[in-house]
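Dumped target06.cif below, it's mmCIF, C-alpha atoms:
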```cif
data_data
loop_
_atom_site.label_atom_id
_atom_site.label_comp_id
_atom_site.auth_asym_id
_atom_site.auth_seq_id
_atom_site.Cartn_x
_atom_site.Cartn_y
_atom_site.Cartn_z
CA MET A 1 6.95 -4.65 43.67
CA SER A 2 6.59 -1.82 41.14
CA ASN A 3 7.22 -2.38 37.47
CA ARG A 4 10.27 -0.12 37.71
CA ASN A 5 11.95 -2.66 40.02
CA ILE A 6 11.17 -5.65 37.86
CA GLY A 7 14.36 -7.01 36.32
CA ILE A 8 15.35 -9.71 33.91
CA LYS A 9 16.14 -12.05 36.83
CA ASP A 10 12.51 -11.81 38.00
CA VAL A 11 11.30 -12.84 34.56
CA ALA A 12 13.77 -15.75 34.53
CA VAL A 13 12.51 -17.00 37.92
CA ALA A 14 8.85 -16.65 36.88
CA ALA A 15 9.45 -18.53 33.64
CA GLY A 16 11.74 -21.14 35.21
CA VAL A 17 14.58 -20.46 32.75
CA SER A 18 17.98 -18.81 32.75
CA VAL A 19 18.62 -15.10 32.48
CA THR A 20 20.40 -15.77 29.18
CA THR A 21 17.32 -17.48 27.77
CA VAL A 22 15.14 -14.52 28.75
CA SER A 23 17.58 -12.11 27.12
CA HIS A 24 17.68 -14.14 23.91
CA VAL A 25 13.90 -14.39 23.69
CA LEU A 26 13.08 -10.77 24.45
CA ASN A 27 15.83 -9.47 22.18
CA GLU A 28 14.84 -11.90 19.41
CA VAL A 29 18.34 -13.32 19.01
CA SER A 30 18.09 -15.21 15.73
CA TYR A 31 20.72 -17.86 16.45
CA ALA A 32 19.39 -18.91 19.87
CA ARG A 33 18.02 -22.45 19.91
CA ILE A 34 14.94 -22.03 22.07
CA SER A 35 11.71 -23.98 21.65
CA PRO A 36 8.49 -22.14 20.77
CA GLU A 37 6.99 -23.31 24.09
CA THR A 38 9.83 -21.75 26.08
CA ARG A 39 9.62 -18.53 24.07
CA ASP A 40 5.90 -18.29 24.83
CA LYS A 41 6.56 -18.96 28.51
CA VAL A 42 9.17 -16.19 28.70
CA ARG A 43 7.02 -13.65 26.86
CA SER A 44 4.02 -14.49 29.05
CA ALA A 45 6.05 -14.05 32.23
CA ALA A 46 7.48 -10.74 31.00
CA GLU A 47 4.01 -9.47 30.11
CA GLN A 48 2.52 -10.50 33.45
CA LEU A 49 5.33 -8.80 35.36
CA GLY A 50 5.22 -5.72 33.16
CA TYR A 51 8.85 -6.10 32.13
CA GLY A 52 10.32 -4.79 28.88
CA PRO A 53 13.93 -4.64 27.70
CA ASN A 54 15.84 -1.52 28.70
CA ARG A 55 15.82 0.42 25.42
CA LEU A 56 18.88 2.52 26.28
CA ALA A 57 20.96 -0.50 27.22
CA GLN A 58 19.67 -2.34 24.17
CA ALA A 59 20.61 0.56 21.90
CA LEU A 60 24.12 0.72 23.33
CA ARG A 61 24.58 -3.01 22.82
CA THR A 62 23.05 -3.36 19.35
CA GLN A 63 23.73 0.15 18.04
CA ARG A 64 20.00 0.34 17.22
CA THR A 65 17.56 2.97 18.44
CA GLY A 66 14.25 1.18 17.83
CA MET A 67 13.15 4.06 15.60
CA LEU A 68 12.11 3.81 11.96
CA GLY A 69 11.66 6.78 9.65
CA LEU A 70 8.89 7.21 7.09
CA VAL A 71 9.16 9.83 4.37
CA SER A 72 5.58 10.38 3.23
CA GLU A 73 5.06 12.06 -0.13
CA ASP A 74 1.66 13.67 0.51
CA ILE A 75 0.07 10.46 1.84
CA ALA A 76 -0.36 11.81 5.38
CA THR A 77 -3.03 14.15 3.96
CA THR A 78 -4.74 11.53 1.77
CA PRO A 79 -7.39 9.39 3.52
CA HIS A 80 -7.10 6.17 1.53
CA ALA A 81 -3.32 6.25 1.01
CA GLY A 82 -2.96 7.17 4.68
CA ARG A 83 -3.59 3.51 5.44
CA ILE A 84 0.03 2.96 4.42
CA ILE A 85 0.99 4.86 7.56
CA LEU A 86 -1.47 2.86 9.68
CA GLY A 87 -0.12 -0.46 8.38
CA ALA A 88 3.48 0.63 8.94
CA ASP A 89 2.81 1.99 12.43
CA GLU A 90 0.95 -1.09 13.66
CA ALA A 91 3.58 -3.45 12.23
CA ALA A 92 6.36 -1.39 13.86
CA LYS A 93 4.70 -1.37 17.29
CA ALA A 94 4.12 -5.13 17.12
CA ARG A 95 7.89 -5.56 16.78
CA GLY A 96 8.76 -3.04 19.49
CA TYR A 97 9.71 -0.18 17.14
CA ASN A 98 8.40 3.36 16.83
CA LEU A 99 7.72 5.29 13.63
CA MET A 100 8.90 8.83 12.95
CA ILE A 101 7.07 10.48 10.04
CA ILE A 102 8.14 13.37 7.82
CA ASN A 103 5.59 14.53 5.27
CA THR A 104 6.99 15.99 2.07
CA SER A 105 5.53 17.03 -1.26
CA GLY A 106 5.77 14.85 -4.33
CA SER A 107 6.64 18.01 -6.26
CA ALA A 108 9.41 18.99 -3.84
CA SER A 109 12.94 19.27 -5.27
CA LEU A 110 15.36 16.38 -4.92
CA GLU A 111 17.45 18.58 -2.60
CA SER A 112 14.44 19.19 -0.36
CA ARG A 113 13.63 15.48 -0.16
CA GLN A 114 17.28 14.72 0.57
CA ALA A 115 17.09 17.17 3.48
CA ASP A 116 14.02 15.31 4.80
CA VAL A 117 15.93 12.02 4.71
CA GLU A 118 18.91 13.69 6.39
CA ALA A 119 16.65 14.90 9.21
CA LEU A 120 15.69 11.28 9.91
CA LEU A 121 19.30 10.10 9.70
CA GLU A 122 20.34 12.76 12.22
CA ARG A 123 17.85 11.22 14.63
CA ARG A 124 19.59 7.87 14.10
CA VAL A 125 16.66 5.94 12.70
CA ASP A 126 17.47 2.28 12.08
CA GLY A 127 15.78 2.20 8.66
CA ILE A 128 13.62 4.28 6.35
CA LEU A 129 10.36 3.70 4.46
CA TYR A 130 9.80 5.98 1.48
CA ALA A 131 6.11 6.05 0.54
CA THR A 132 4.32 7.84 -2.29
CA MET A 133 0.66 8.76 -2.68
CA TYR A 134 0.18 6.72 -5.83
CA HIS A 135 2.14 4.09 -7.74
CA ARG A 136 4.88 5.78 -9.73
CA THR A 137 8.58 5.83 -10.54
CA VAL A 138 10.69 8.14 -8.36
CA LYS A 139 14.21 9.52 -8.37
CA LEU A 140 15.49 8.99 -4.86
CA PRO A 141 17.77 11.09 -2.67
CA ALA A 142 21.30 9.64 -2.68
CA ASN A 143 21.43 9.48 1.11
CA LEU A 144 18.43 7.16 1.35
CA GLY A 145 20.61 4.06 1.01
CA THR A 146 22.85 4.82 4.00
CA VAL A 147 20.50 2.75 6.21
CA PRO A 148 18.18 -0.14 5.24
CA SER A 149 15.39 1.36 3.12
CA ILE A 150 12.25 0.19 1.30
CA LEU A 151 9.99 1.96 -1.20
CA VAL A 152 6.22 1.75 -0.73
CA ASP A 153 3.86 2.16 -3.72
CA SER A 154 6.71 3.20 -6.00
CA VAL A 155 9.87 1.97 -7.73
CA ALA A 156 13.19 3.75 -8.13
CA THR A 157 14.31 5.08 -11.50
CA ASP A 158 17.52 3.05 -11.19
CA GLY A 159 15.72 0.04 -9.66
CA ASN A 160 18.34 -0.69 -6.99
CA ILE A 161 16.17 -0.57 -3.87
CA THR A 162 13.60 -2.98 -2.47
CA ALA A 163 10.04 -1.94 -3.31
CA VAL A 164 6.47 -3.10 -2.76
CA ILE A 165 3.76 -2.12 -5.25
CA PRO A 166 0.11 -3.00 -6.04
CA ASP A 167 -0.86 -5.50 -8.73
CA GLU A 168 -2.29 -2.93 -11.15
CA GLU A 169 -2.82 -5.41 -13.97
CA GLY A 170 -4.36 -8.06 -11.76
CA GLY A 171 -6.76 -5.51 -10.27
CA ALA A 172 -7.79 -4.22 -13.70
CA ARG A 173 -8.37 -7.77 -14.93
CA ALA A 174 -10.60 -8.42 -11.91
CA ALA A 175 -12.64 -5.30 -12.67
CA VAL A 176 -13.10 -6.13 -16.36
CA GLY A 177 -13.74 -9.77 -15.48
CA ALA A 178 -16.63 -8.78 -13.22
CA LEU A 179 -18.27 -6.96 -16.13
CA LEU A 180 -17.67 -9.86 -18.53
CA GLU A 181 -19.08 -12.37 -16.03
CA ALA A 182 -22.24 -10.28 -15.81
CA GLY A 183 -22.67 -10.70 -19.57
CA HIS A 184 -21.35 -7.39 -20.91
CA THR A 185 -19.78 -7.51 -24.36
CA ARG A 186 -19.55 -3.75 -24.92
CA VAL A 187 -17.14 -2.52 -22.24
CA GLY A 188 -15.47 0.91 -22.17
CA TYR A 189 -12.67 2.36 -20.08
CA LEU A 190 -12.20 5.82 -18.55
CA ASN A 191 -8.42 6.20 -18.24
CA ASN A 192 -6.09 8.68 -16.57
CA THR A 193 -3.92 11.12 -18.56
CA ASP A 194 -0.90 11.06 -16.22
CA ASP A 195 2.16 9.14 -17.42
CA VAL A 196 2.49 6.78 -14.44
CA PRO A 197 2.75 2.98 -14.22
CA ALA A 198 -0.90 2.59 -13.17
CA THR A 199 -2.11 4.38 -16.33
CA ARG A 200 -0.19 2.10 -18.65
CA GLN A 201 -0.69 -1.16 -16.75
CA ARG A 202 -4.44 -0.81 -16.21
CA LEU A 203 -5.01 0.06 -19.87
CA HIS A 204 -2.92 -2.91 -20.98
CA ALA A 205 -4.85 -5.26 -18.68
CA PHE A 206 -8.21 -3.85 -19.86
CA ARG A 207 -7.41 -4.63 -23.49
CA ALA A 208 -5.82 -7.99 -22.72
CA ALA A 209 -8.83 -9.16 -20.67
CA LEU A 210 -11.18 -8.31 -23.54
CA ASP A 211 -8.92 -10.05 -26.08
CA GLU A 212 -8.82 -13.19 -23.94
CA ALA A 213 -12.62 -13.15 -23.75
CA GLY A 214 -12.85 -13.17 -27.56
CA LEU A 215 -13.61 -9.45 -27.83
CA ASP A 216 -11.44 -6.91 -29.61
CA GLY A 217 -9.61 -5.03 -26.87
CA GLY A 218 -7.80 -2.87 -29.41
CA THR A 219 -11.00 -1.26 -30.66
CA ALA A 220 -12.82 -1.09 -27.31
CA PRO A 221 -13.77 2.52 -26.49
CA VAL A 222 -11.31 4.35 -24.22
CA GLU A 223 -11.57 7.97 -23.12
CA ALA A 224 -8.84 9.66 -21.06
CA ALA A 225 -9.14 12.65 -18.74
CA ALA A 226 -7.81 13.97 -15.46
CA SER A 227 -8.37 11.35 -12.77
CA GLU A 228 -10.81 13.48 -10.79
CA VAL A 229 -14.62 13.68 -10.60
CA GLN A 230 -14.85 16.33 -13.33
CA GLY A 231 -12.54 14.36 -15.60
CA GLY A 232 -14.62 11.24 -15.13
CA TYR A 233 -17.79 13.16 -15.87
CA GLU A 234 -16.41 14.62 -19.11
CA ALA A 235 -14.88 11.33 -20.29
CA ALA A 236 -18.08 9.43 -19.50
CA LEU A 237 -20.17 11.88 -21.52
CA ARG A 238 -17.88 11.30 -24.50
CA ILE A 239 -17.82 7.52 -24.23
CA LEU A 240 -21.58 7.23 -23.67
CA ALA A 241 -22.22 9.36 -26.77
CA HIS A 242 -20.95 6.53 -29.01
CA ASP A 243 -23.59 5.05 -31.31
CA ASP A 244 -22.90 1.62 -29.85
CA ARG A 245 -22.41 2.87 -26.33
CA PRO A 246 -20.87 0.58 -23.69
CA THR A 247 -23.17 -1.19 -21.25
CA GLY A 248 -20.25 -1.70 -18.87
CA LEU A 249 -17.73 0.91 -17.77
CA PHE A 250 -14.38 0.39 -16.03
CA CYS A 251 -13.00 3.56 -14.46
CA TYR A 252 -9.36 4.33 -13.62
CA ASN A 253 -10.33 5.28 -10.07
CA ASP A 254 -13.34 5.86 -7.84
CA ARG A 255 -13.29 9.62 -8.38
CA MET A 256 -13.70 9.15 -12.13
CA ALA A 257 -16.45 6.61 -11.43
CA MET A 258 -18.23 9.24 -9.34
CA GLY A 259 -18.14 11.56 -12.37
CA ALA A 260 -19.48 8.74 -14.53
CA TYR A 261 -22.46 8.37 -12.16
CA ARG A 262 -23.27 12.05 -12.72
CA ALA A 263 -22.95 11.71 -16.52
CA ALA A 264 -25.20 8.64 -16.54
CA ALA A 265 -27.85 10.48 -14.51
CA GLU A 266 -27.83 13.45 -16.91
CA LEU A 267 -28.27 11.08 -19.85
CA GLY A 268 -31.18 9.31 -18.18
CA LEU A 269 -29.24 6.06 -17.66
CA SER A 270 -29.85 4.02 -14.54
CA ILE A 271 -26.98 2.27 -12.74
CA PRO A 272 -26.75 -0.71 -12.92
CA SER A 273 -29.74 -1.60 -15.12
CA ASP A 274 -28.63 0.59 -18.06
CA LEU A 275 -24.94 0.93 -17.22
CA SER A 276 -22.70 -1.15 -14.96
CA VAL A 277 -19.73 0.66 -13.42
CA VAL A 278 -16.54 -0.56 -11.72
CA GLY A 279 -13.96 1.70 -10.09
CA PHE A 280 -10.45 1.30 -8.68
CA ASP A 281 -9.08 2.29 -5.21
CA ASP A 282 -11.98 1.39 -2.88
CA GLN A 283 -11.83 4.92 -1.53
CA GLU A 284 -14.17 4.58 1.43
CA LEU A 285 -15.64 8.09 1.35
CA ILE A 286 -16.71 7.54 -2.26
CA ALA A 287 -17.23 3.86 -3.13
CA ALA A 288 -19.38 2.84 -0.18
CA ASN A 289 -21.42 6.05 -0.24
CA LEU A 290 -22.41 6.32 -3.90
CA TYR A 291 -25.87 5.07 -4.77
CA PRO A 292 -25.87 2.32 -5.72
CA GLY A 293 -22.68 1.31 -3.91
CA LEU A 294 -19.70 1.18 -6.28
CA SER A 295 -18.06 -2.13 -7.06
CA THR A 296 -14.35 -1.39 -7.12
CA VAL A 297 -10.85 -2.78 -6.78
CA ALA A 298 -9.11 -2.25 -3.44
CA LEU A 299 -5.55 -0.98 -3.36
CA PRO A 300 -3.54 -2.77 -0.63
CA HIS A 301 -2.33 0.38 1.12
CA TYR A 302 -2.42 -1.07 4.64
CA GLU A 303 -0.83 -4.32 3.48
CA MET A 304 1.99 -2.50 1.65
CA GLY A 305 2.81 -0.44 4.75
CA ALA A 306 2.83 -3.50 6.98
CA TRP A 307 4.82 -5.64 4.52
CA ALA A 308 7.47 -2.98 4.07
CA THR A 309 7.85 -2.44 7.81
CA GLU A 310 8.14 -6.14 8.59
CA HIS A 311 10.89 -6.61 5.99
CA LEU A 312 12.64 -3.39 6.97
CA ILE A 313 12.86 -4.54 10.59
CA ASP A 314 14.10 -7.96 9.47
CA ALA A 315 16.87 -6.17 7.55
CA VAL A 316 17.72 -3.94 10.51
CA GLU A 317 18.01 -7.02 12.73
CA GLY A 318 20.13 -8.89 10.19
CA LYS A 319 17.48 -11.48 9.37
CA THR A 320 17.18 -10.67 5.67
CA ASP A 321 19.26 -9.13 2.89
CA LEU A 322 17.38 -6.36 1.11
CA SER A 323 19.83 -6.34 -1.80
CA LEU A 324 18.54 -9.77 -2.81
CA MET A 325 14.97 -8.44 -2.82
CA ALA A 326 15.80 -5.35 -4.88
CA LEU A 327 15.99 -7.19 -8.20
CA HIS A 328 12.21 -7.20 -8.64
CA PRO A 329 9.51 -5.30 -6.73
CA THR A 330 7.17 -7.31 -4.56
CA ILE A 331 3.61 -7.14 -5.94
CA LEU A 332 0.60 -7.35 -3.61
CA GLY A 333 -2.88 -8.28 -4.82
CA CYS A 334 -5.74 -5.85 -5.48
CA PRO A 335 -9.01 -7.66 -4.64
CA LEU A 336 -12.38 -6.82 -6.16
CA VAL A 337 -14.90 -5.38 -3.68
CA ARG A 338 -18.40 -6.14 -4.93
CA ARG A 339 -21.25 -3.74 -4.23
CA ASP A 340 -24.37 -2.95 -6.29
CA SER A 341 -23.13 -1.19 -9.42
CA ILE A 342 -22.93 -4.28 -11.65
CA ALA A 343 -25.84 -6.11 -13.26
CA ALA A 344 -26.51 -8.03 -16.47
CA PRO A 345 -27.13 -5.82 -19.52
CA ARG A 346 -30.79 -5.28 -20.37
CA HIS A 347 -30.73 -7.34 -23.55
#
```
Could you render the structure from this file as structure tokens?
Amino acid sequence: MSNRNIGIKDVAVAAGVSVTTVSHVLNEVSYARISPETRDKVRSAAEQLGYGPNRLAQALRTQRTGMLGLVSEDIATTPHAGRIILGADEAAKARGYNLMIINTSGSASLESRQADVEALLERRVDGILYATMYHRTVKLPANLGTVPSILVDSVATDGNITAVIPDEEGGARAAVGALLEAGHTRVGYLNNTDDVPATRQRLHAFRAALDEAGLDGGTAPVEAAASEVQGGYEAALRILAHDDRPTGLFCYNDRMAMGAYRAAAELGLSIPSDLSVVGFDDQELIAANLYPGLSTVALPHYEMGAWATEHLIDAVEGKTDLSLMALHPTILGCPLVRRDSIAAPRH
């Protein structure tokens, strides 16, 4: 018998249950009282027979298409932030949904972004993820809320939509903590110049971590520059020119840390024996390939994409109320990834 001729009755016979039970299990009917053992038996029988629910019939019955939209502000062209898409796509497929992606520019007009959302709505997506390349506050198109929607790596200016963001302060505390644990008492920070949440929150955590360690976070050296390699290089030259130069350096991101490596080399400083460095992002093409390998804080891009998709599908299927989750953004942890760029200071 070919897979095309396999029907729900065949699955019911193979599993030894009723057709209704099979339908409830495969369509994930939330109110059905079916034991986990029976659910496993039905799913196993369906998989062995190669049976899947008829998507067209299912769409007609539930008024759902099994399609989710993702508006990607530049992240499709950014390697590390692109893991948001990977997390979302794998989570969607695991639940039987497909992902439709539209890439837009973060600098695009509100009207242009509204047109991108409208293009997804015209294709009758069941819900929309709106993801940005870095953690920031965004003004959203008005039509975004016409279907269940979740923000990824951003929060709305009016704060009325469910969002998932990284723990910027917790990640910064982990980075500074690694330097303090190694024995550094003179710690500097290379910060970003952009007015975004990450800039403010990482700086606040840097100073607070030093204060809590009995050091004066308010007077600790901080130099700000564009969050690119050249900016990190220039800021590092300035901060390392201090008479009482830092022996430990926390950098806003891995690109700035890469610039700090260059500045240290020009000044004849060896990493980590003369200068310990910690970054932020865990950008694979940089952190793991610098020499020595850069200790850094990992942003949970994959986890944010997966979390948002799971909760979006739950909302689409009526299993959760996103309005109750919109009061406060969900914050996911930023773990420290230890490599070889931290050591005890020479003295």
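For the set A:Asp282, A:Ser149, A:Val155, A:Arg346, the residue with the smallest atom-to-atom gap to Asp314 in chain A is A:Ser149, counting all atoms listed in the file.
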Closest atom pairs, residues of range 134-190 of chain A within 12 Å of range 253-273 of chain A, all atoms listed in the file, as CSV:
```
residue,atom,partner,partner_atom,distance
A:Tyr134,CA,A:Asn253,CA,11.4
A:Glu168,CA,A:Asn253,CA,11.5
A:Gly171,CA,A:Asn253,CA,11.4
A:Ala172,CA,A:Asn253,CA,10.5
A:Ala175,CA,A:Asn253,CA,11.1
A:Leu179,CA,A:Pro272,CA,11.0
A:Ala182,CA,A:Pro272,CA,11.0
A:His184,CA,A:Ser273,CA,11.7
A:Gly188,CA,A:Ala260,CA,11.7
A:Tyr189,CA,A:Ala257,CA,10.4
A:Leu190,CA,A:Met256,CA,7.4
```
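Computed from the coordinates, the CA of Glu47 in chain A to CA of His311 in chain A distance equals 25.2 Å.
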Residues at most 10 Å from Ala32 in chain A, counting all atoms listed in the file, excluding those fewer than 5 positions away in the same chain, as a JSON list (two decimals) with C-alpha atoms, in the frame of the given file?
```
[["chain", "number", "residue", "atom", "x", "y", "z"],
["A", 20, "THR", "CA", 20.40, -15.77, 29.18],
["A", 21, "THR", "CA", 17.32, -17.48, 27.77],
["A", 24, "HIS", "CA", 17.68, -14.14, 23.91],
["A", 25, "VAL", "CA", 13.90, -14.39, 23.69]]
```
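Proximity to Thr247 in chain A at 7 Å, evaluated using all atoms listed in the file and with sequence-adjacent residues fewer than 2 positions away removed, yields His184, Arg186, Val187, Arg245, Leu249, Asp274, Leu275, Ser276 and Pro345 of chain A.
Take CA of Ile331 in chain A and CA of Ala198 in chain A: the distance between them is 12.9 Å.
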* Identify all residues satisfying the PyMOL selection byres ((chain A and resi 92-106) around 6) in the given file; provide them as a count of residues only. => 14
Give, as AutoDock Vina command-line options, the centre coordinates and the x, y and z edge lengths in Å to one decimal for an axis-aligned box around all listed atoms of range 325-337 of chain A, padded by 3 Å on each side.
```
--center_x 0.5 --center_y -6.9 --center_z -5.7 --size_x 36.9 --size_y 9.1 --size_z 11.8
```
* To do: Might you spell out which residues the PyMOL selection byres ((chain A and resi 332-338) around 7) would select in the displayed file, as a PyMOL selection string?
  => chain A and resi 165-167+170-171+174-175+295-300+330-331+339-340
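Between CA of Thr65 in chain A and CA of Lys41 in chain A lies a distance of 26.5 Å.
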Spatial neighbours of Ala142 in chain A, max dist 10 Å, only C-alpha atoms, sep filter under 5 positions, as a short mmCIF file (atom, residue, chain, number, x, y, z; two decimals) with C-alpha atoms, in the frame of the given file:
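Output contents, as saved in around.cif:
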```cif
data_model
loop_
_atom_site.label_atom_id
_atom_site.label_comp_id
_atom_site.auth_asym_id
_atom_site.auth_seq_id
_atom_site.Cartn_x
_atom_site.Cartn_y
_atom_site.Cartn_z
CA LEU A 110 15.36 16.38 -4.92
CA GLU A 111 17.45 18.58 -2.60
CA ARG A 113 13.63 15.48 -0.16
CA GLN A 114 17.28 14.72 0.57
CA VAL A 117 15.93 12.02 4.71
#
```
* Asked: Which residues match the PyMOL selection byres ((chain A and resi 157-161) around 6) in the file above, as a list in words?
  -> Thr137, Val138, Lys139, Ala156, Thr162 and Ala326 of chain A
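Of the residues under consideration (A:Tyr291, A:Phe206, A:Phe250, A:Tyr302), A:Phe206 shows the shortest atom-to-atom contact distance to Thr219 in chain A when counting all atoms listed in the file.
With only C-alpha atoms as the atoms that count, the residue of A:Leu120, A:Val22, A:Ala213, A:Ala88 with the shortest distance to Gly183 in chain A is A:Ala213.
Among the candidates A:Ala208, A:Ala163, A:Leu180, A:Ala226, the one nearest to Leu327 in chain A when counting all atoms listed in the file is A:Ala163.
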